[in-house]
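Novice: A single structure is presented below for examination.
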Number of protein chains: 4
Amino acid sequence: MIYTRQIRVEFNHCDPAGIVFYPRYFEMTNSVAENFFRDVVQLPYEEMMARGGGVPTARLEVTFHAPSRLGDLLDWRMQVLRLGGSSLDLSIEAQGADRKRVSVALTLVNVNAKGRPQPWSDEVRQRITTFIEAE
Amino acid sequence: MIYTRQIRVEFNHCDPAGIVFYPRYFEMTNSVAENFFRDVVQLPYEEMMARGGGVPTARLEVTFHAPSRLGDLLDWRMQVLRLGGSSLDLSIEAQGADRKRVSVALTLVNVNAKGRPQPWSDEVRQRITTFIEAE
Amino acid sequence: MIYTRQIRVEFNHCDPAGIVFYPRYFEMTNSVAENFFRDVVQLPYEEMMARGGGVPTARLEVTFHAPSRLGDLLDWRMQVLRLGGSSLDLSIEAQGADRKRVSVALTLVNVNAKGRPQPWSDEVRQRITTFIEAE
Amino acid sequence: MIYTRQIRVEFNHCDPAGIVFYPRYFEMTNSVAENFFRDVVQLPYEEMMARGGGVPTARLEVTFHAPSRLGDLLDWRMQVLRLGGSSLDLSIEAQGADRKRVSVALTLVNVNAKGRPQPWSDEVRQRITTFIEAE
């Protein structure tokens, strides 16, 4: 199953060359993952925070294929590559009107209030598994 | 040779968990590279832009070792891994008071006004080579 | 007439106190104005930029009524206070579920490629006037 | 007395017009106030946060006099206009090589863990008063 979000490239994302400044892509990847947790996992980040936990990013691999310009509509597509005991490997890509713009592989880790990895709850594990297996 | 910059973790870098929000690390890596071009290569970004060129980032590999907190002083260390015909492979790391926080390997590409790769000028190539070889 | 946009408060907007960091509100006010120009005035910012012009902000007055928290839905409402020869006075406010969060009065100026104020085109003036007068 | 900070306009501050995007000026004003609290008041934001308090901004008035460009050195100058019971009125201005770029008047409020205004401690009041009165 693929989780999708559409994000318009706005003025605040762009650099003096008129293209997306790469740190802003990571605001977008974070937004995609955050909305996946809200919509699909039904565990909004504010609930995680209220318990003192979170899902910080431990690793990123990124390829920038082509620049994105002010006004472009980006179709973000997210897939789960692997659900670990307390981690989640994701592939998040942005497709422009013509071609792929950026591909990101990242690993999130589920941490407790002390910042230590903790197992996903059964409920979270079940929802992510259902998502992975859905056509 | 190693190029260094010290950056204090400020309020604007931090997320609701009180740690650096990872897109902000890339504002810092971009700042380190930008200042290297200003100080060492003597090619400030505004001069590149005035000619219509730039050095966009083509690839990133990132490992987050430990979180950085509000008020932390980060010692950023940058090394040139490889000077290509029109590319530059860099290692940029942030060291906190205790341990390493984040390691980034990235590739910059020298592009012209059409966004196409172009060879480094002899002057730029010479300055980067001198930097690499300096003790 | 009122132009509206709904923006969810996401992780990237929030500070270590878990509330919207005030510079992020201005990314939102800029987004509201930018989408008004795209949707209503039919003059997307990328078209302005292509001609070398723009609508920089000349003045801001802001009152922060109450903090906004991660996950909050903000209803942004924009009204035109005054259409000048080359300026535009706007009121942009964010309403949360309970109460108003922030009120912004701002002045945009229509500038040419040299950064000098220039009159609005007849077409732009007509579209903004139609918006103002619509019920 | 005037508190000063110098900030270079970097790539991450600039918009597609090659000038400082106005929300980034507020990252700078926040940084100036934050460093004033660290250096002069000796109350770093991380200490406030650890006690659950903070100094959110309640009001802003801003005039943008002239654009700032990539590479510009901005001399920020901060003065205390008024020390209230639980508030602080500040004037923060950025001066470029040629002329003033932006003037900000803002009010900070000292809040407790419930977000309610609380009186400044005697120590903080004393340090700010000493700063105001110093030549």
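We label chains A, B, ... in the order they appear in the structure tokens, count residues from 1 in each chain, and number ligands from 1 in the order shown.
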Pull out every residue of chain D that has at least one atom within 8 Å of chain B, counting only C-alpha atoms, and report them as a VMD selection string.

Specialist: chain D and resid 10 to 12 27 30 to 31 34 44 to 46 70 to 71

Novice: Could those residues be written to a file, using all heavy atoms, as a short mmCIF file (atom, residue, chain, number, x, y, z; two decimals), in the first residue's frame?

Specialist:
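Result file out.cif:
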data_model
loop_
_atom_site.label_atom_id
_atom_site.label_comp_id
_atom_site.auth_asym_id
_atom_site.auth_seq_id
_atom_site.Cartn_x
_atom_site.Cartn_y
_atom_site.Cartn_z
N GLU D 10 22.56 34.37 5.02
CA GLU D 10 22.97 33.15 4.35
C GLU D 10 21.87 32.64 3.41
O GLU D 10 20.75 33.12 3.42
CB GLU D 10 23.35 32.08 5.39
CG GLU D 10 24.59 32.47 6.18
CD GLU D 10 25.11 31.39 7.11
OE1 GLU D 10 24.31 30.49 7.47
OE2 GLU D 10 26.30 31.44 7.48
N PHE D 11 22.25 31.64 2.64
CA PHE D 11 21.38 31.05 1.63
C PHE D 11 20.02 30.67 2.21
O PHE D 11 18.98 30.89 1.59
CB PHE D 11 22.08 29.80 1.08
CG PHE D 11 21.69 29.44 -0.32
CD1 PHE D 11 22.06 30.22 -1.40
CD2 PHE D 11 20.97 28.28 -0.56
CE1 PHE D 11 21.71 29.86 -2.70
CE2 PHE D 11 20.62 27.92 -1.85
CZ PHE D 11 20.99 28.71 -2.92
N ASN D 12 20.03 30.11 3.40
CA ASN D 12 18.78 29.62 4.01
C ASN D 12 17.84 30.76 4.40
O ASN D 12 16.68 30.49 4.72
CB ASN D 12 19.08 28.72 5.21
CG ASN D 12 19.57 29.49 6.42
OD1 ASN D 12 18.77 30.03 7.18
ND2 ASN D 12 20.88 29.59 6.62
N GLU D 27 13.37 34.78 12.79
CA GLU D 27 14.33 33.83 13.37
C GLU D 27 15.51 34.63 13.92
O GLU D 27 16.08 34.30 14.96
CB GLU D 27 14.79 32.80 12.34
CG GLU D 27 13.65 31.95 11.78
CD GLU D 27 14.11 30.90 10.78
OE1 GLU D 27 15.32 30.66 10.67
OE2 GLU D 27 13.25 30.30 10.11
N ASN D 30 14.46 36.62 17.08
CA ASN D 30 14.36 35.68 18.19
C ASN D 30 15.75 35.29 18.69
O ASN D 30 15.98 35.18 19.89
CB ASN D 30 13.59 34.43 17.75
CG ASN D 30 13.10 33.64 18.95
OD1 ASN D 30 12.15 34.03 19.62
ND2 ASN D 30 13.77 32.53 19.27
N SER D 31 16.67 35.12 17.75
CA SER D 31 18.04 34.78 18.12
C SER D 31 18.70 35.91 18.91
O SER D 31 19.41 35.67 19.89
CB SER D 31 18.85 34.48 16.85
OG SER D 31 20.22 34.33 17.15
N GLU D 34 17.21 35.85 22.34
CA GLU D 34 17.66 34.64 23.03
C GLU D 34 19.10 34.80 23.54
O GLU D 34 19.41 34.42 24.66
CB GLU D 34 17.58 33.47 22.03
CG GLU D 34 18.01 32.13 22.57
CD GLU D 34 17.77 31.01 21.54
OE1 GLU D 34 17.07 31.27 20.51
OE2 GLU D 34 18.26 29.90 21.74
N PRO D 44 19.55 31.47 30.30
CA PRO D 44 19.40 30.84 28.97
C PRO D 44 18.01 30.23 28.82
O PRO D 44 17.41 29.78 29.80
CB PRO D 44 20.48 29.75 28.98
CG PRO D 44 21.43 30.13 30.07
CD PRO D 44 20.62 30.84 31.09
N TYR D 45 17.53 30.20 27.58
CA TYR D 45 16.19 29.67 27.32
C TYR D 45 16.05 28.23 27.81
O TYR D 45 14.97 27.82 28.23
CB TYR D 45 15.87 29.76 25.82
CG TYR D 45 15.41 31.15 25.37
CD1 TYR D 45 15.57 32.28 26.17
CD2 TYR D 45 14.78 31.32 24.14
CE1 TYR D 45 15.14 33.54 25.73
CE2 TYR D 45 14.34 32.57 23.70
CZ TYR D 45 14.53 33.67 24.51
OH TYR D 45 14.09 34.91 24.08
N GLU D 46 17.13 27.43 27.74
CA GLU D 46 17.01 26.03 28.17
C GLU D 46 16.74 25.95 29.68
O GLU D 46 16.07 25.02 30.13
CB GLU D 46 18.23 25.20 27.77
CG GLU D 46 19.57 25.63 28.33
CD GLU D 46 20.32 26.58 27.41
OE1 GLU D 46 19.67 27.31 26.60
OE2 GLU D 46 21.56 26.64 27.52
N LEU D 70 21.66 38.17 -0.04
CA LEU D 70 22.59 37.08 0.26
C LEU D 70 24.01 37.63 0.44
O LEU D 70 24.51 38.34 -0.43
CB LEU D 70 22.56 36.09 -0.92
CG LEU D 70 23.42 34.84 -0.83
CD1 LEU D 70 23.11 34.02 0.41
CD2 LEU D 70 23.24 33.98 -2.07
N GLY D 71 24.64 37.30 1.56
CA GLY D 71 26.01 37.73 1.81
C GLY D 71 26.12 39.00 2.63
O GLY D 71 27.18 39.28 3.19
#

Novice: Identify, on the basis of only C-alpha atoms, every residue whose closest approach to A:Arg5 does not exceed 9 Å; exclude the query and any residue fewer than 3 positions from it along the same chain; express the result as a ChimeraX atom specification.

Specialist: /A:32,35,74-78

Novice: So which residues touch A:Glu61 within 6 Å, counting only C-alpha atoms, skipping near sequence neighbours fewer than 5 positions away, as a compact mmCIF listing (two decimals) with N, CA and C atoms, in the first residue's frame?

Specialist:
# COMPACT_ATOMS: atom_id res chain seq x y z
N VAL A 104 13.89 9.42 -0.86
CA VAL A 104 14.43 9.38 0.49
C VAL A 104 14.15 8.01 1.10
N ALA A 105 15.20 7.39 1.64
CA ALA A 105 15.00 6.19 2.46
C ALA A 105 15.34 6.63 3.87
N LEU B 60 22.78 12.79 -0.38
CA LEU B 60 23.02 12.93 1.06
C LEU B 60 22.95 11.55 1.71
N GLU B 61 23.88 11.27 2.60
CA GLU B 61 23.72 10.10 3.47
C GLU B 61 23.95 10.58 4.88

Novice: For D:Lys100, list every protein, DNA or RNA residue within 12 Å, evaluated using only C-alpha atoms, and leave out those in the same chain fewer than 2 positions away; present the list as a ChimeraX atom specification.

Specialist: /D:63-68,73-77,92-98,102-104

Novice: Please save N, CA, C and O atoms of the selected residues as a compact mmCIF listing (two decimals), in the first residue's frame.

Specialist:
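Final file, result19.txt:
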# COMPACT_ATOMS: atom_id res chain seq x y z
N THR D 63 8.64 47.38 10.55
CA THR D 63 8.76 48.11 9.30
C THR D 63 9.98 47.60 8.55
O THR D 63 11.07 47.48 9.13
N PHE D 64 9.74 47.24 7.29
CA PHE D 64 10.83 46.79 6.43
C PHE D 64 11.26 47.98 5.59
O PHE D 64 10.50 48.47 4.75
N HIS D 65 12.47 48.49 5.84
CA HIS D 65 12.93 49.72 5.17
C HIS D 65 13.53 49.43 3.80
O HIS D 65 13.35 50.19 2.86
N ALA D 66 14.29 48.35 3.71
CA ALA D 66 15.00 48.03 2.46
C ALA D 66 15.35 46.56 2.51
O ALA D 66 15.55 45.99 3.58
N PRO D 67 15.42 45.91 1.35
CA PRO D 67 15.72 44.48 1.34
C PRO D 67 17.18 44.20 1.71
O PRO D 67 18.06 45.03 1.52
N SER D 68 17.41 43.01 2.26
CA SER D 68 18.77 42.53 2.55
C SER D 68 19.06 41.37 1.62
O SER D 68 18.19 40.55 1.35
N LEU D 73 26.13 41.59 5.62
CA LEU D 73 26.32 41.53 7.07
C LEU D 73 25.32 42.46 7.72
O LEU D 73 25.29 43.65 7.41
N LEU D 74 24.51 41.91 8.62
CA LEU D 74 23.53 42.73 9.32
C LEU D 74 23.99 42.97 10.75
O LEU D 74 24.31 42.03 11.48
N ASP D 75 24.03 44.24 11.13
CA ASP D 75 24.33 44.59 12.52
C ASP D 75 23.01 44.79 13.25
O ASP D 75 22.30 45.78 13.03
N TRP D 76 22.70 43.85 14.12
CA TRP D 76 21.45 43.93 14.89
C TRP D 76 21.73 44.69 16.18
O TRP D 76 22.72 44.45 16.85
N ARG D 77 20.83 45.62 16.52
CA ARG D 77 20.96 46.44 17.72
C ARG D 77 19.66 46.32 18.52
O ARG D 77 18.59 46.58 18.00
N ILE D 92 14.33 46.19 18.27
CA ILE D 92 15.40 45.41 17.62
C ILE D 92 15.48 45.85 16.17
O ILE D 92 14.50 45.77 15.45
N GLU D 93 16.66 46.32 15.78
CA GLU D 93 16.82 46.83 14.42
C GLU D 93 18.03 46.19 13.73
O GLU D 93 19.03 45.89 14.38
N ALA D 94 17.91 46.03 12.42
CA ALA D 94 19.04 45.54 11.63
C ALA D 94 19.53 46.65 10.70
O ALA D 94 18.75 47.24 9.95
N GLN D 95 20.83 46.88 10.79
CA GLN D 95 21.48 47.90 9.97
C GLN D 95 22.37 47.18 8.96
O GLN D 95 23.16 46.31 9.34
N GLY D 96 22.21 47.50 7.68
CA GLY D 96 23.11 46.97 6.66
C GLY D 96 24.27 47.93 6.43
O GLY D 96 24.41 48.92 7.15
N ALA D 97 25.10 47.65 5.43
CA ALA D 97 26.28 48.48 5.17
C ALA D 97 25.85 49.91 4.85
O ALA D 97 26.53 50.88 5.19
N ASP D 98 24.72 50.02 4.19
CA ASP D 98 24.29 51.32 3.69
C ASP D 98 23.24 51.96 4.60
O ASP D 98 23.35 53.11 5.01
N VAL D 102 15.46 46.78 8.72
CA VAL D 102 14.20 46.42 9.36
C VAL D 102 14.21 46.91 10.80
O VAL D 102 15.25 46.91 11.46
N SER D 103 13.06 47.40 11.25
CA SER D 103 12.88 47.86 12.63
C SER D 103 11.73 47.06 13.25
O SER D 103 10.65 47.01 12.66
N VAL D 104 11.98 46.51 14.40
CA VAL D 104 10.96 45.69 15.08
C VAL D 104 10.77 46.21 16.50
O VAL D 104 11.74 46.43 17.22

Novice: Pick out each residue of chain B that DSSP on the backbone tags as alpha helix (DSSP H); I need them as a PyMOL selection string.

Specialist: chain B and resi 22-39+45-50+122-133

Novice: So what do you get for atom CA of C:Gly54 versus atom CA of D:Cys14, distance-wise?

Specialist: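 Straight-line distance from atom CA of C:Gly54 to atom CA of D:Cys14 works out to 14.0 Å.
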
Novice: Rounded to one decimal in Å, what is the spacing between atom CA of C:Asp89 and atom CA of D:Val80?

Specialist: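 Value for the atom CA of C:Asp89-atom CA of D:Val80 distance: 29.6 Å.
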
Novice: Excluding C:Gln42 and residues on its chain fewer than 5 positions from it, collect all residues at most 10 Å away from it, counting only C-alpha atoms, and give them as a list of chain:residue names.

Specialist: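 Counting only the stated atoms, we get C:Asn35, C:Phe36, C:Phe37, C:Glu47, C:Glu123, C:Val124, C:Arg127, C:Ile128.
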
Novice: With N, CA and C atoms retained, write the just-selected residues as a PDB file, in the first residue's frame.

Specialist:
ATOM      1  N   ASN C  35      -1.437  32.065  -1.878  1.00  0.00           N
ATOM      2  CA  ASN C  35      -2.544  31.302  -2.461  1.00  0.00           C
ATOM      3  C   ASN C  35      -3.694  32.207  -2.899  1.00  0.00           C
ATOM      4  N   PHE C  36      -3.869  33.334  -2.198  1.00  0.00           N
ATOM      5  CA  PHE C  36      -4.854  34.334  -2.644  1.00  0.00           C
ATOM      6  C   PHE C  36      -4.467  34.863  -4.029  1.00  0.00           C
ATOM      7  N   PHE C  37      -3.198  35.176  -4.202  1.00  0.00           N
ATOM      8  CA  PHE C  37      -2.755  35.651  -5.518  1.00  0.00           C
ATOM      9  C   PHE C  37      -2.900  34.555  -6.589  1.00  0.00           C
ATOM     10  N   GLU C  47       4.843  33.574 -11.722  1.00  0.00           N
ATOM     11  CA  GLU C  47       4.715  34.473 -12.882  1.00  0.00           C
ATOM     12  C   GLU C  47       5.276  35.861 -12.572  1.00  0.00           C
ATOM     13  N   GLU C 123      -5.865  44.496 -14.792  1.00  0.00           N
ATOM     14  CA  GLU C 123      -6.446  43.168 -14.593  1.00  0.00           C
ATOM     15  C   GLU C 123      -6.386  42.776 -13.104  1.00  0.00           C
ATOM     16  N   VAL C 124      -5.232  42.990 -12.503  1.00  0.00           N
ATOM     17  CA  VAL C 124      -5.071  42.648 -11.081  1.00  0.00           C
ATOM     18  C   VAL C 124      -6.000  43.527 -10.239  1.00  0.00           C
ATOM     19  N   ARG C 127      -9.558  42.291 -10.490  1.00  0.00           N
ATOM     20  CA  ARG C 127      -9.844  41.034  -9.777  1.00  0.00           C
ATOM     21  C   ARG C 127      -9.886  41.264  -8.264  1.00  0.00           C
ATOM     22  N   ILE C 128      -9.006  42.103  -7.767  1.00  0.00           N
ATOM     23  CA  ILE C 128      -9.030  42.376  -6.319  1.00  0.00           C
ATOM     24  C   ILE C 128     -10.296  43.162  -5.964  1.00  0.00           C
TER      25      ILE C 128
END

Novice: C:Met1: which residues within 6 Å, counting only C-alpha atoms, same-chain residues fewer than 5 positions away excluded, as a list of chain:residue names?

Specialist: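 Here the answer would be C:Ile132, C:Ala134, C:Glu135.
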
Novice: Keeping only all heavy atoms, write the selected residues to a file as a compact mmCIF listing (two decimals), in the first residue's frame.

Specialist:
# COMPACT_ATOMS: atom_id res chain seq x y z
N ILE C 132 -13.17 42.16 -3.30
CA ILE C 132 -13.57 43.02 -2.17
C ILE C 132 -15.09 43.18 -2.14
O ILE C 132 -15.72 43.13 -1.07
CB ILE C 132 -12.92 44.42 -2.29
CG1 ILE C 132 -11.40 44.31 -2.14
CG2 ILE C 132 -13.50 45.38 -1.25
CD1 ILE C 132 -10.66 45.61 -2.43
N ALA C 134 -17.47 41.29 -3.53
CA ALA C 134 -18.31 40.08 -3.50
C ALA C 134 -18.82 39.83 -2.08
O ALA C 134 -18.15 40.14 -1.10
CB ALA C 134 -17.51 38.89 -3.99
N GLU C 135 -20.04 39.32 -2.02
CA GLU C 135 -20.63 39.01 -0.68
C GLU C 135 -20.08 37.67 -0.22
O GLU C 135 -19.98 36.73 -0.96
CB GLU C 135 -22.15 38.94 -0.78
CG GLU C 135 -22.78 40.29 -1.02
CD GLU C 135 -22.35 41.32 0.01
OE1 GLU C 135 -22.39 40.99 1.21
OE2 GLU C 135 -21.97 42.43 -0.36
